[in-house]
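File shown here: coords01.txt, holding compact mmCIF, C-alpha atoms.
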```
# COMPACT_ATOMS: atom_id res chain seq x y z
CA MET A 23 99.44 -85.37 -16.33
CA GLU A 24 101.40 -84.33 -13.30
CA VAL A 25 105.07 -85.29 -13.25
CA THR A 26 106.20 -86.16 -9.74
CA MET A 27 109.61 -87.72 -10.44
CA LYS A 28 112.68 -86.55 -12.35
CA MET A 29 114.00 -88.70 -15.18
CA ASP A 30 117.02 -89.82 -13.14
CA GLU A 31 114.68 -90.83 -10.29
CA VAL A 32 112.60 -92.93 -12.68
CA LEU A 33 115.71 -94.67 -14.01
CA ALA A 34 117.09 -95.20 -10.49
CA LYS A 35 113.83 -96.79 -9.33
CA ILE A 36 113.73 -99.10 -12.35
CA ALA A 37 117.36 -100.08 -11.67
CA GLN A 38 116.54 -100.73 -8.01
CA LEU A 39 113.57 -102.94 -8.89
CA GLN A 40 115.70 -104.81 -11.42
CA LYS A 41 118.49 -105.31 -8.87
CA ASN A 42 115.96 -106.63 -6.34
CA GLY A 43 114.75 -109.18 -8.89
CA GLU A 44 111.24 -107.75 -9.19
CA SER A 45 109.24 -108.25 -12.36
CA LEU A 46 109.49 -105.30 -14.73
CA SER A 47 106.46 -106.32 -16.77
CA LYS A 48 104.28 -103.34 -17.55
CA LYS A 49 101.25 -105.03 -15.99
CA LYS A 50 103.04 -105.70 -12.68
CA ILE A 51 104.52 -102.20 -12.52
CA LYS A 52 101.13 -100.64 -13.28
CA GLN A 53 99.64 -102.54 -10.32
CA ALA A 54 102.48 -102.08 -7.83
CA TYR A 55 104.04 -98.75 -8.90
CA PRO A 56 101.51 -96.76 -10.95
CA GLU A 57 103.30 -93.46 -10.28
CA LEU A 58 106.57 -94.89 -11.62
CA LEU A 59 104.88 -96.08 -14.80
CA GLN A 60 103.12 -92.75 -15.31
CA ASN A 61 106.36 -90.81 -14.92
CA ALA A 62 108.32 -93.21 -17.14
CA LEU A 63 105.77 -92.74 -19.92
CA TYR A 64 106.16 -88.98 -19.61
CA TYR A 65 109.90 -89.19 -20.32
CA PHE A 66 109.99 -92.19 -22.68
CA PRO A 67 107.79 -93.29 -25.59
CA SER A 68 107.11 -96.66 -23.91
CA TRP A 69 107.80 -98.63 -20.74
CA GLU A 70 110.17 -100.84 -22.76
CA HIS A 71 112.21 -97.78 -23.77
CA ALA A 72 112.55 -96.78 -20.12
CA ILE A 73 113.82 -100.25 -19.18
CA GLN A 74 116.33 -100.20 -22.05
CA GLN A 75 117.79 -96.94 -20.74
CA VAL A 76 118.70 -98.71 -17.50
CA LYS A 77 120.46 -101.69 -19.11
```

Rewrite the structure from the file as structure tokens, please.
Amino acid sequence: MEVTMKMDEVLAKIAQLQKNGESLSKKKIKQAYPELLQNALYYFPSWEHAIQQVK
């Protein structure tokens, strides 16, 4: 798997989506931002763990 984002970029993007009121469900992110999901799963054991790091 190729990593194209740094961990802080992943967290910043999640925070931005959250701030904009977008759904953070794994299914929606996989459809709309597959690269974000792929990179988040490289750095964190699950999508939920990545979201928790932002809160």

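Using all atoms listed in the file, the nearest neighbour of Gln40 of chain A within the list A:Leu63, A:Val25, A:Leu58, A:Val76 is A:Val76.
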
(request) Give as an NGL selection string each residue that has an atom at most 7 Å from (113.0, -97.6, -17.7) in the file, counting all atoms listed in the file. (result) :A and (32-33 or 36 or 62 or 69-76)

(request) Quick one: everything within 10 Å of Asn61 of chain A, counting all atoms listed in the file, minus sequence neighbours fewer than 2 positions away in the same chain. Send it as JSON, numbers by chain. (result) {"A": [23, 24, 25, 26, 27, 28, 29, 31, 32, 56, 57, 58, 59, 63, 64, 65, 66, 69]}

(request) Quick one: pull the distance between atom CA of Asp30 of chain A and atom CA of Gln60 of chain A, Å, one decimal. (result)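 Atom CA of Gln60 of chain A lies 14.4 Å from atom CA of Asp30 of chain A.
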
Calculate, to one decimal in Å, the centre and edge lengths of the box along x, y and z of the file that holds all listed atoms of segment 56-72 of chain A with 8 Å of margin on each side, and present them as lines of an AutoDock Vina configuration file.
```
center_x = 107.0
center_y = -94.9
center_z = -17.9
size_x = 27.0
size_y = 27.9
size_z = 31.3
```
